file start.txt (compact mmCIF, C-alpha atoms)
# COMPACT_ATOMS: atom_id res chain seq x y z
CA MET Z 21 -5.36 -1.27 -22.30
CA THR Z 22 -4.83 -0.50 -18.63
CA ILE Z 23 -2.37 -1.56 -15.96
CA THR Z 24 -3.69 -4.16 -13.52
CA LEU Z 25 -2.69 -3.09 -10.02
CA ASP Z 26 -2.17 -5.22 -6.94
CA GLN Z 27 -4.09 -3.41 -4.20
CA SER Z 28 -2.33 -5.17 -1.32
CA LEU Z 29 -0.14 -3.21 1.08
CA PRO Z 30 2.87 -5.36 2.08
CA THR Z 31 5.35 -4.60 4.82
CA PHE Z 32 8.84 -3.61 3.73
CA GLU Z 33 10.06 -7.13 4.51
CA GLN Z 34 7.28 -8.68 2.39
CA LEU Z 35 8.22 -6.85 -0.80
CA PRO Z 36 9.27 -9.24 -3.60
CA ASN Z 37 12.73 -9.21 -5.18
CA VAL Z 38 11.31 -7.36 -8.18
CA PHE Z 39 8.11 -5.38 -8.45
CA ALA Z 40 6.73 -2.23 -10.05
CA ILE Z 41 4.75 0.76 -8.79
CA LYS Z 42 2.39 2.91 -10.84
CA LEU Z 43 3.27 6.43 -9.78
CA ASP Z 44 0.12 8.42 -10.42
CA ASN Z 45 1.07 10.50 -7.37
CA LEU Z 46 4.04 12.09 -9.18
CA ALA Z 47 4.19 15.09 -11.49
CA ALA Z 48 6.83 17.49 -12.76
CA ILE Z 49 7.57 21.12 -13.48
CA SER Z 50 9.45 21.86 -16.71
CA LEU Z 51 11.85 24.77 -17.27
CA SER Z 52 13.12 25.33 -20.79
CA GLY Z 53 14.70 28.14 -22.72
CA GLU Z 54 17.90 30.09 -23.11
CA GLU Z 55 18.20 30.96 -19.41
CA GLN Z 56 16.65 27.86 -17.85
CA ASN Z 57 19.76 26.92 -15.87
CA LYS Z 58 20.70 30.47 -14.93
CA TYR Z 59 17.20 31.18 -13.66
CA LEU Z 60 16.73 27.90 -11.79
CA GLN Z 61 20.18 28.25 -10.19
CA GLY Z 62 18.92 31.31 -8.32
CA GLN Z 63 15.76 29.58 -7.13
CA VAL Z 64 16.70 26.17 -5.73
CA THR Z 65 19.14 24.63 -3.24
CA CYS Z 66 21.03 22.29 -5.57
CA ASP Z 67 23.75 23.31 -8.03
CA VAL Z 68 21.88 23.38 -11.34
CA ASN Z 69 25.06 24.27 -13.21
CA THR Z 70 26.22 20.66 -12.75
CA VAL Z 71 23.20 19.12 -14.49
CA ASN Z 72 23.68 17.12 -17.69
CA GLU Z 73 21.73 14.50 -19.65
CA HIS Z 74 23.01 11.68 -17.40
CA SER Z 75 22.79 13.38 -13.99
CA LEU Z 76 20.23 13.21 -11.20
CA LEU Z 77 20.09 16.00 -8.63
CA ASN Z 78 18.08 16.10 -5.42
CA GLY Z 79 16.96 19.59 -4.48
CA SER Z 80 14.37 21.85 -2.92
CA HIS Z 81 12.62 25.08 -3.78
CA CYS Z 82 12.31 27.56 -0.92
CA ASP Z 83 10.62 30.88 -0.27
CA ALA Z 84 12.56 33.99 0.72
CA LYS Z 85 12.51 32.89 4.37
CA GLY Z 86 14.09 29.56 3.51
CA LYS Z 87 10.91 27.53 4.00
CA VAL Z 88 10.47 24.64 1.55
CA PHE Z 89 7.81 24.74 -1.19
CA SER Z 90 8.86 21.43 -2.71
CA VAL Z 91 11.44 18.66 -2.64
CA PHE Z 92 12.27 17.29 -6.09
CA ARG Z 93 14.48 15.10 -8.20
CA LEU Z 94 15.94 17.09 -11.11
CA ILE Z 95 16.77 15.57 -14.48
CA LEU Z 96 17.33 16.87 -17.99
CA ARG Z 97 14.87 15.48 -20.56
CA ASP Z 98 14.48 16.79 -24.10
CA SER Z 99 16.81 19.66 -23.12
CA ALA Z 100 14.38 20.85 -20.41
CA ASN Z 101 14.93 20.76 -16.65
CA LEU Z 102 12.31 18.53 -15.02
CA LEU Z 103 11.60 18.91 -11.32
CA ILE Z 104 9.92 15.58 -10.47
CA GLN Z 105 7.91 15.71 -7.25
CA PRO Z 106 4.61 14.74 -5.62
CA LYS Z 107 1.54 16.29 -7.22
CA THR Z 108 0.75 17.88 -3.85
CA THR Z 109 3.57 20.43 -4.15
CA VAL Z 110 3.49 21.27 -7.86
CA GLN Z 111 1.03 24.15 -7.83
CA ALA Z 112 2.66 26.10 -4.98
CA SER Z 113 6.14 25.69 -6.43
CA LEU Z 114 4.98 26.43 -9.98
CA ALA Z 115 3.28 29.66 -8.95
CA GLU Z 116 6.41 30.96 -7.23
CA LEU Z 117 8.72 29.96 -10.06
CA LYS Z 118 6.48 31.70 -12.57
CA LYS Z 119 6.29 34.82 -10.42
CA PHE Z 120 10.00 35.53 -10.86
CA GLY Z 121 10.39 33.77 -14.21
CA VAL Z 122 8.80 36.63 -16.12
CA PHE Z 123 12.14 38.44 -15.89
CA ALA Z 124 14.12 35.63 -17.54
CA LYS Z 125 14.21 33.89 -20.92
CA VAL Z 126 12.60 30.73 -19.59
CA THR Z 127 9.35 28.86 -20.09
CA ILE Z 128 7.96 27.35 -16.89
CA GLU Z 129 5.02 24.95 -16.97
CA ALA Z 130 3.50 21.89 -15.39
CA VAL Z 131 4.20 18.71 -17.35
CA GLU Z 132 0.93 17.11 -18.45
CA ASP Z 133 2.02 14.44 -20.94
CA LEU Z 134 4.32 12.16 -18.91
CA THR Z 135 3.58 9.02 -16.89
CA TYR Z 136 5.83 7.45 -14.27
CA LEU Z 137 6.49 3.82 -13.36
CA ALA Z 138 8.99 2.53 -10.81
CA VAL Z 139 10.64 -0.88 -11.17
CA CYS Z 140 12.19 -1.84 -7.85
CA GLY Z 141 13.98 -4.54 -5.90
CA ALA Z 142 17.17 -6.58 -5.88
CA GLU Z 143 16.31 -8.18 -9.23
CA ALA Z 144 15.05 -5.00 -10.91
CA GLU Z 145 18.22 -4.58 -12.96
CA ALA Z 146 18.05 -8.14 -14.28
CA MET Z 147 14.40 -7.68 -15.20
CA LEU Z 148 14.97 -4.40 -17.03
CA THR Z 149 17.88 -5.73 -19.07
CA LYS Z 150 15.34 -7.94 -20.81
CA HIS Z 151 13.41 -4.88 -21.99
CA LEU Z 152 15.95 -2.07 -22.36
CA SER Z 153 19.33 -2.00 -24.08
CA THR Z 154 20.87 0.63 -21.78
CA LEU Z 155 20.29 0.98 -18.05
CA PRO Z 156 21.33 3.84 -15.78
CA SER Z 157 23.65 3.23 -12.83
CA GLU Z 158 24.91 5.03 -9.75
CA SER Z 159 27.67 6.66 -11.84
CA SER Z 160 25.28 7.57 -14.68
CA PRO Z 161 21.82 7.80 -13.08
CA VAL Z 162 19.86 8.90 -16.17
CA GLU Z 163 19.68 7.16 -19.54
CA THR Z 164 17.29 7.75 -22.44
CA GLU Z 165 16.32 5.18 -25.04
CA GLY Z 166 14.05 6.58 -27.73
CA THR Z 167 11.38 8.54 -25.90
CA THR Z 168 11.85 6.56 -22.66
CA THR Z 169 13.89 8.07 -19.83
CA VAL Z 170 15.06 5.76 -17.04
CA VAL Z 171 16.35 7.17 -13.74
CA TYR Z 172 18.30 5.08 -11.22
CA ILE Z 173 17.60 5.87 -7.56
CA ALA Z 174 20.06 4.15 -5.24
CA GLY Z 175 19.09 2.97 -1.76
CA LYS Z 176 18.16 0.01 0.42
CA THR Z 177 15.78 -0.95 -2.36
CA PRO Z 178 17.19 -0.14 -5.83
CA ARG Z 179 14.63 1.79 -7.89
CA TYR Z 180 14.39 2.58 -11.58
CA LEU Z 181 12.01 5.38 -12.49
CA VAL Z 182 10.70 4.88 -16.04
CA ILE Z 183 9.26 7.97 -17.74
CA ASP Z 184 7.33 8.21 -21.03
CA ASP Z 185 3.83 8.94 -22.33
CA GLU Z 186 0.91 6.99 -20.88
CA ASP Z 187 0.48 4.50 -23.74
CA LYS Z 188 4.14 3.51 -23.77
CA ILE Z 189 4.32 3.16 -20.00
CA THR Z 190 1.19 1.02 -20.03
CA ASP Z 191 2.66 -1.29 -22.68
CA PHE Z 192 5.99 -1.40 -20.87
CA ALA Z 193 4.37 -2.23 -17.51
CA ASN Z 194 2.20 -4.99 -18.92
CA ASN Z 195 5.17 -6.59 -20.69
CA LEU Z 196 7.10 -6.88 -17.43
CA ASN Z 197 4.76 -9.56 -16.09
CA ILE Z 198 5.50 -8.70 -12.45
CA THR Z 199 3.44 -7.44 -9.51
CA ILE Z 200 2.52 -3.77 -9.93
CA TYR Z 201 1.51 -1.96 -6.74
CA THR Z 202 -0.32 1.30 -6.19
CA HIS Z 203 1.64 4.46 -5.38
CA ASN Z 204 1.20 3.77 -1.64
CA VAL Z 205 4.18 1.41 -1.83
CA TRP Z 206 6.30 4.28 -3.18
CA GLU Z 207 5.47 6.14 0.05
CA LEU Z 208 6.74 3.13 2.01
CA LEU Z 209 10.05 3.27 0.14
CA GLU Z 210 10.42 7.04 0.51
CA ILE Z 211 9.79 6.73 4.26
CA THR Z 212 12.31 3.88 4.56
CA GLU Z 213 14.93 5.77 2.54
CA GLY Z 214 14.41 8.99 4.51
CA PHE Z 215 13.49 11.07 1.46
CA PRO Z 216 10.95 13.72 2.52
CA THR Z 217 7.40 13.65 1.21
CA LEU Z 218 5.53 16.95 1.60
CA SER Z 219 1.77 17.07 1.78
CA GLU Z 220 -0.01 20.27 0.81
CA SER Z 221 -0.33 21.25 4.47
CA ALA Z 222 3.45 20.91 4.98
CA ILE Z 223 4.38 23.43 2.25
CA SER Z 224 6.40 26.37 3.64
CA GLY Z 225 6.60 24.70 7.04
CA TYR Z 226 10.27 23.69 7.21
CA VAL Z 227 13.76 24.81 6.30
CA PRO Z 228 15.69 22.20 4.27
CA GLN Z 229 17.79 20.88 7.16
CA MET Z 230 14.64 19.99 9.11
CA LEU Z 231 13.94 17.57 6.24
CA ASN Z 232 17.50 16.14 6.21
CA LEU Z 233 18.11 17.58 2.76
CA GLN Z 234 21.76 18.28 3.59
CA ALA Z 235 22.18 14.51 4.06
CA VAL Z 236 20.74 13.50 0.67
CA ASN Z 237 22.93 15.86 -1.40
CA ALA Z 238 20.05 18.28 -1.96
CA ILE Z 239 21.83 21.44 -0.76
CA SER Z 240 24.93 23.03 -2.23
CA PHE Z 241 26.71 25.30 0.25
CA THR Z 242 29.15 26.56 -2.38
CA LYS Z 243 26.93 27.51 -5.34
CA GLY Z 244 26.22 31.10 -4.28
CA CYS Z 245 22.96 32.96 -3.79
CA TYR Z 246 19.46 31.53 -4.24
CA LEU Z 247 16.08 32.25 -2.73
CA GLY Z 248 16.19 31.50 1.01
CA GLN Z 249 19.96 30.88 0.97
CA GLU Z 250 20.72 33.09 3.98
CA THR Z 251 18.40 31.08 6.24
CA VAL Z 252 19.76 27.77 4.98
CA ALA Z 253 23.37 28.88 5.55
CA ARG Z 254 22.57 30.22 9.03
CA MET Z 255 20.98 26.93 10.00
CA GLN Z 256 24.04 25.05 8.78
CA TYR Z 257 26.86 27.12 10.18
CA LEU Z 258 25.35 28.57 13.36
CA GLY Z 259 23.78 25.33 14.54
CA LYS Z 260 20.33 26.82 14.90
CA ASN Z 261 18.41 23.83 13.56
CA LYS Z 262 16.87 21.75 16.34
CA ARG Z 263 14.70 19.43 14.25
CA ALA Z 264 15.27 16.53 11.86
CA LEU Z 265 13.41 14.01 9.74
CA TYR Z 266 12.86 10.54 11.20
CA SER Z 267 11.50 7.23 9.99
CA LEU Z 268 9.43 5.32 12.54
CA LYS Z 269 7.70 1.98 12.71
CA GLY Z 270 5.03 0.43 14.92
CA LYS Z 271 2.01 -1.84 14.97
CA THR Z 272 -1.54 -1.22 16.13
CA ALA Z 273 -5.13 -2.17 15.51
CA SER Z 274 -6.00 1.53 15.55
CA LEU Z 275 -6.19 3.63 12.39
CA VAL Z 276 -2.99 5.53 11.65
CA ASN Z 277 -2.93 8.19 8.94
CA ASP Z 278 -1.38 11.53 8.06
CA GLN Z 279 -3.58 13.30 10.61
CA SER Z 280 -2.35 11.16 13.51
CA ILE Z 281 -0.39 12.91 16.26
CA ILE Z 282 2.94 11.61 17.57
CA GLU Z 283 3.48 12.10 21.28
CA LYS Z 284 6.55 11.72 23.50
CA GLN Z 285 6.65 11.01 27.20
CA LEU Z 286 7.77 13.77 29.57
CA GLY Z 287 7.74 12.41 33.09
CA GLU Z 288 4.24 11.06 33.69
CA ASN Z 289 2.73 13.14 30.90
CA TRP Z 290 2.64 12.95 27.11
CA ARG Z 291 3.12 15.93 24.79
CA LYS Z 292 3.13 16.39 21.02
CA ALA Z 293 6.55 15.34 19.72
CA GLY Z 294 6.54 16.87 16.25
CA ASP Z 295 4.85 16.80 12.86
CA LEU Z 296 3.82 13.78 10.82
CA LEU Z 297 4.65 14.15 7.11
CA ALA Z 298 3.70 10.79 5.61
CA SER Z 299 2.33 7.42 6.69
CA TYR Z 300 1.93 3.91 5.32
CA THR Z 301 -0.06 1.12 6.97
CA ALA Z 302 0.50 -2.44 5.79
CA ASP Z 303 -2.31 -4.98 5.62
CA ASN Z 304 -1.02 -6.71 8.78
CA GLY Z 305 -1.30 -3.53 10.86
CA GLU Z 306 2.37 -2.53 10.77
CA TYR Z 307 2.75 1.15 10.04
CA TYR Z 308 5.62 3.30 8.85
CA LEU Z 309 5.79 7.01 9.56
CA GLN Z 310 7.87 9.93 8.39
CA ALA Z 311 8.00 12.75 10.90
CA VAL Z 312 9.89 15.91 11.84
CA LEU Z 313 10.92 15.62 15.49
CA ALA Z 314 13.45 17.19 17.84
CA SER Z 315 16.94 16.42 16.56
CA ASP Z 316 17.93 14.84 19.89
CA THR Z 317 15.24 12.15 19.56
CA ASP Z 318 16.78 8.69 20.00
CA GLU Z 319 15.89 5.15 21.03
CA SER Z 320 15.55 6.27 24.66
CA THR Z 321 12.68 8.63 23.73
CA ASN Z 322 9.30 7.06 24.47
CA LEU Z 323 6.99 7.75 21.53
CA ARG Z 324 3.42 6.76 20.72
CA ILE Z 325 0.44 7.67 18.57
CA LYS Z 326 -2.11 9.76 20.42
CA ASP Z 327 -5.32 7.84 21.09
CA ALA Z 328 -3.51 4.57 20.35
CA THR Z 329 -1.98 4.21 23.78
CA ASP Z 330 -1.44 0.45 23.42
CA THR Z 331 1.32 0.98 20.86
CA GLU Z 332 4.94 2.05 20.83
CA LEU Z 333 6.89 3.69 18.06
CA HIS Z 334 10.43 2.67 17.20
CA LEU Z 335 12.99 4.59 15.18
CA ASN Z 336 14.10 3.07 11.88
CA THR Z 337 17.76 3.51 11.03
CA LEU Z 338 18.12 5.90 8.10
CA PRO Z 339 20.56 5.04 5.29
CA TYR Z 340 22.59 8.23 5.86
CA SER Z 341 24.09 10.34 8.61
CA LEU Z 342 22.85 13.84 9.36
CA THR Z 343 25.94 15.60 8.10
CA THR Z 344 26.61 17.74 5.06
CA GLN Z 345 27.26 15.80 1.84
CA ASP Z 346 28.60 18.52 -0.44
call {"tool": "encode", "arguments": {"input": "start.txt", "output": "structure tokens"}}
result
Amino acid sequence: MTITLDQSLPTFEQLPNVFAIKLDNLAAISLSGEEQNKYLQGQVTCDVNTVNEHSLLNGSHCDAKGKVFSVFRLILRDSANLLIQPKTTVQASLAELKKFGVFAKVTIEAVEDLTYLAVCGAEAEAMLTKHLSTLPSESSPVETEGTTTVVYIAGKTPRYLVIDDEDKITDFANNLNITIYTHNVWELLEITEGFPTLSESAISGYVPQMLNLQAVNAISFTKGCYLGQETVARMQYLGKNKRALYSLKGKTASLVNDQSIIEKQLGENWRKAGDLLASYTADNGEYYLQAVLASDTDESTNLRIKDATDTELHLNTLPYSLTTQD
């Protein structure tokens, strides 16, 4: 049995009150063993010592210069730390974690036996209560029922990430009897929520604050030393960061994709404005972009897509402020 997917690409406003997304774009790195927390604490930006079976932590893994390998959501499943992230960043992050992990009592490996499904929307909770006896919440974001782990991700669009083996996720998805979209719609939600999505080409390109990670509780400034911590602290306390993550929206008949270039107007000329991280184009031509731009970019900044000069880009309001949430 397989999952029948709706191939349409709705706008954010067209999304139904409850829907699912097959997340074949996600993967995870597992850390298990006697020193799994101690080791990971020295490698990532979040405070691993606070993790428990009901907690969800946002975090990032940086190199020694403070440049981000991966952005992840961390949960505890079967006593192992799982770093859930796009498949695009797993190999780079895994290689670096393993490089230093040989000196600790920890097993580090890519997770090959899990499948991910998101159930989303204003009526997602009501739908899931028909199929699960215990649901996670904002105060207890992770719950496990049998072999099924469910993670609550708060935001404009409530999301429940359901994790299990492929057969069980397939059965679960088909029993929901709701529209199930491709993973592209997950990109739309990540862009709208301002949660960074790194492509392979973006690995080691940014310090965490350029990706707004301080605003989504993904950096602890009190936990002590970790790889890249000096750069992250310097950016925070000396005000050296001049870039930030933005969500943008526009409409055009031209093709917009991750290779498109965002330009800003300087007098009578146009210059590259920053870097495009992720894009989503709806069937009606509306597109949503996630980009790293100058931190002083605002509604008065004239932006466009290069070679699509008939269009304008508009900033979407992010669901957080760019201040430390520690």
call {"tool": "atom_distance", "arguments": {"input": "start.txt", "atom1": "CA of Asn289 in chain Z", "atom2": "CA of Asp316 in chain Z"}}
result
18.8 Å
call {"tool": "axis_aligned_box", "arguments": {"input": "start.txt", "around": "range 41-56 of chain Z", "padding_each_side": "6 Å", "output": "AutoDock Vina command-line options"}}
result
--center_x 9.2 --center_y 15.9 --center_z -15.2 --size_x 30.1 --size_y 42.2 --size_z 27.7
call {"tool": "closest_atom_pairs", "arguments": {"input": "start.txt", "of": "range 59-111 of chain Z", "to": "range 239-257 of chain Z", "cutoff": "12 Å", "atoms": "only C-alpha atoms", "output": "JSON lines"}}
result
{"residue": "Z:Tyr59", "atom": "CA", "partner": "Z:Tyr246", "partner_atom": "CA", "distance": 9.7}
{"residue": "Z:Leu60", "atom": "CA", "partner": "Z:Tyr246", "partner_atom": "CA", "distance": 8.8}
{"residue": "Z:Gln61", "atom": "CA", "partner": "Z:Tyr246", "partner_atom": "CA", "distance": 6.8}
{"residue": "Z:Gly62", "atom": "CA", "partner": "Z:Tyr246", "partner_atom": "CA", "distance": 4.1}
{"residue": "Z:Gln63", "atom": "CA", "partner": "Z:Tyr246", "partner_atom": "CA", "distance": 5.1}
{"residue": "Z:Val64", "atom": "CA", "partner": "Z:Tyr246", "partner_atom": "CA", "distance": 6.2}
{"residue": "Z:Thr65", "atom": "CA", "partner": "Z:Ile239", "partner_atom": "CA", "distance": 4.9}
{"residue": "Z:Cys66", "atom": "CA", "partner": "Z:Ile239", "partner_atom": "CA", "distance": 4.9}
{"residue": "Z:Asp67", "atom": "CA", "partner": "Z:Lys243", "partner_atom": "CA", "distance": 5.9}
{"residue": "Z:Val68", "atom": "CA", "partner": "Z:Lys243", "partner_atom": "CA", "distance": 8.9}
{"residue": "Z:Asn69", "atom": "CA", "partner": "Z:Lys243", "partner_atom": "CA", "distance": 8.7}
{"residue": "Z:Thr70", "atom": "CA", "partner": "Z:Lys243", "partner_atom": "CA", "distance": 10.1}
{"residue": "Z:Leu77", "atom": "CA", "partner": "Z:Ile239", "partner_atom": "CA", "distance": 9.7}
{"residue": "Z:Asn78", "atom": "CA", "partner": "Z:Ile239", "partner_atom": "CA", "distance": 8.0}
{"residue": "Z:Gly79", "atom": "CA", "partner": "Z:Ile239", "partner_atom": "CA", "distance": 6.4}
{"residue": "Z:Ser80", "atom": "CA", "partner": "Z:Ile239", "partner_atom": "CA", "distance": 7.8}
{"residue": "Z:His81", "atom": "CA", "partner": "Z:Leu247", "partner_atom": "CA", "distance": 8.0}
{"residue": "Z:Cys82", "atom": "CA", "partner": "Z:Gly248", "partner_atom": "CA", "distance": 5.9}
{"residue": "Z:Asp83", "atom": "CA", "partner": "Z:Gly248", "partner_atom": "CA", "distance": 5.7}
{"residue": "Z:Ala84", "atom": "CA", "partner": "Z:Gly248", "partner_atom": "CA", "distance": 4.4}
{"residue": "Z:Lys85", "atom": "CA", "partner": "Z:Gly248", "partner_atom": "CA", "distance": 5.2}
{"residue": "Z:Gly86", "atom": "CA", "partner": "Z:Gly248", "partner_atom": "CA", "distance": 3.8}
{"residue": "Z:Lys87", "atom": "CA", "partner": "Z:Gly248", "partner_atom": "CA", "distance": 7.3}
{"residue": "Z:Val88", "atom": "CA", "partner": "Z:Gly248", "partner_atom": "CA", "distance": 8.9}
{"residue": "Z:Phe89", "atom": "CA", "partner": "Z:Gly248", "partner_atom": "CA", "distance": 11.0}
{"residue": "Z:Val91", "atom": "CA", "partner": "Z:Ile239", "partner_atom": "CA", "distance": 10.9}
{"residue": "Z:Phe92", "atom": "CA", "partner": "Z:Ile239", "partner_atom": "CA", "distance": 11.7}
call {"tool": "closest_residue", "arguments": {"input": "start.txt", "among": "Z:Leu155, Z:Glu145, Z:Arg97, Z:Ala130", "to": "Leu114 in chain Z", "atoms": "all atoms listed in the file"}}
result
Z:Ala130
call {"tool": "closest_residue", "arguments": {"input": "start.txt", "among": "Z:Thr317, Z:Asn204, Z:Asn277, Z:Thr109", "to": "Lys42 in chain Z", "atoms": "only C-alpha atoms"}}
result
Z:Asn204
call {"tool": "residues_around", "arguments": {"input": "start.txt", "residues": "range 319-331 of chain Z", "least_positions_apart": "2", "cutoff": "12 Å", "atoms": "all atoms listed in the file", "output": "PyMOL selection string"}}
result
chain Z and resi 266+268-296+305-309+311+313-317+333-337
call {"tool": "closest_residue", "arguments": {"input": "start.txt", "among": "Z:Thr217, Z:Thr202, Z:Ser157, Z:Thr135", "to": "Asp185 in chain Z", "atoms": "only C-alpha atoms"}}
result
Z:Thr135
call {"tool": "residues_near_point", "arguments": {"input": "start.txt", "point": "(12.2, -1.9, -11.5)", "cutoff": "8 Å", "atoms": "all atoms listed in the file", "output": "ChimeraX atom specification"}}
result
/Z:38-40,138-141,143-145,147-148,178-181
call {"tool": "atom_distance", "arguments": {"input": "start.txt", "atom1": "CA of Ser221 in chain Z", "atom2": "CA of Gln105 in chain Z"}}
result
15.4 Å
call {"tool": "atom_distance", "arguments": {"input": "start.txt", "atom1": "CA of Ile41 in chain Z", "atom2": "CA of Glu73 in chain Z"}}
result
24.4 Å
call {"tool": "closest_residue", "arguments": {"input": "start.txt", "among": "Z:Ser50, Z:Thr212, Z:Ser75, Z:Gln56", "to": "Val170 in chain Z", "atoms": "all atoms listed in the file"}}
result
Z:Ser75
call {"tool": "decode", "arguments": {"input": "start.txt", "residues": "range 177-220 of chain Z", "atoms": "C-alpha atoms", "output": "mmCIF file, in the first residue's frame"}}
result
data_model
loop_
_atom_site.group_PDB
_atom_site.id
_atom_site.type_symbol
_atom_site.label_atom_id
_atom_site.label_comp_id
_atom_site.auth_asym_id
_atom_site.auth_seq_id
_atom_site.Cartn_x
_atom_site.Cartn_y
_atom_site.Cartn_z
ATOM 1 C CA THR Z 177 -0.202 26.839 11.147
ATOM 2 C CA PRO Z 178 -0.152 24.221 13.943
ATOM 3 C CA ARG Z 179 1.838 21.160 12.874
ATOM 4 C CA TYR Z 180 2.098 17.653 14.279
ATOM 5 C CA LEU Z 181 5.086 15.648 13.092
ATOM 6 C CA VAL Z 182 4.286 11.918 13.213
ATOM 7 C CA ILE Z 183 7.285 9.567 13.246
ATOM 8 C CA ASP Z 184 7.347 5.773 12.860
ATOM 9 C CA ASP Z 185 8.440 3.093 10.393
ATOM 10 C CA GLU Z 186 7.234 3.324 6.797
ATOM 11 C CA ASP Z 187 4.451 0.726 7.007
ATOM 12 C CA LYS Z 188 2.878 2.277 10.092
ATOM 13 C CA ILE Z 189 3.073 5.797 8.702
ATOM 14 C CA THR Z 190 1.495 4.615 5.451
ATOM 15 C CA ASP Z 191 -1.391 2.980 7.322
ATOM 16 C CA PHE Z 192 -1.782 6.016 9.563
ATOM 17 C CA ALA Z 193 -1.818 8.446 6.626
ATOM 18 C CA ASN Z 194 -4.367 6.460 4.652
ATOM 19 C CA ASN Z 195 -6.680 6.191 7.665
ATOM 20 C CA LEU Z 196 -6.794 9.968 8.056
ATOM 21 C CA ASN Z 197 -8.818 10.398 4.865
ATOM 22 C CA ILE Z 198 -7.561 13.953 4.277
ATOM 23 C CA THR Z 199 -5.556 15.674 1.546
ATOM 24 C CA ILE Z 200 -1.887 14.667 1.666
ATOM 25 C CA TYR Z 201 0.510 17.017 -0.109
ATOM 26 C CA THR Z 202 4.077 16.530 -1.278
ATOM 27 C CA HIS Z 203 6.953 17.868 0.821
ATOM 28 C CA ASN Z 204 6.913 21.125 -1.186
ATOM 29 C CA VAL Z 205 4.087 22.347 1.055
ATOM 30 C CA TRP Z 206 6.340 21.811 4.094
ATOM 31 C CA GLU Z 207 8.770 24.263 2.469
ATOM 32 C CA LEU Z 208 5.914 26.772 2.201
ATOM 33 C CA LEU Z 209 5.231 26.438 5.929
ATOM 34 C CA GLU Z 210 8.900 26.675 6.912
ATOM 35 C CA ILE Z 211 9.260 29.842 4.812
ATOM 36 C CA THR Z 212 6.115 31.347 6.342
ATOM 37 C CA GLU Z 213 7.221 30.474 9.879
ATOM 38 C CA GLY Z 214 10.741 31.821 9.324
ATOM 39 C CA PHE Z 215 12.467 28.531 10.138
ATOM 40 C CA PRO Z 216 15.631 28.264 8.006
ATOM 41 C CA THR Z 217 15.952 25.607 5.330
ATOM 42 C CA LEU Z 218 19.535 24.959 4.204
ATOM 43 C CA SER Z 219 20.294 23.553 0.783
ATOM 44 C CA GLU Z 220 23.564 21.713 0.248
#
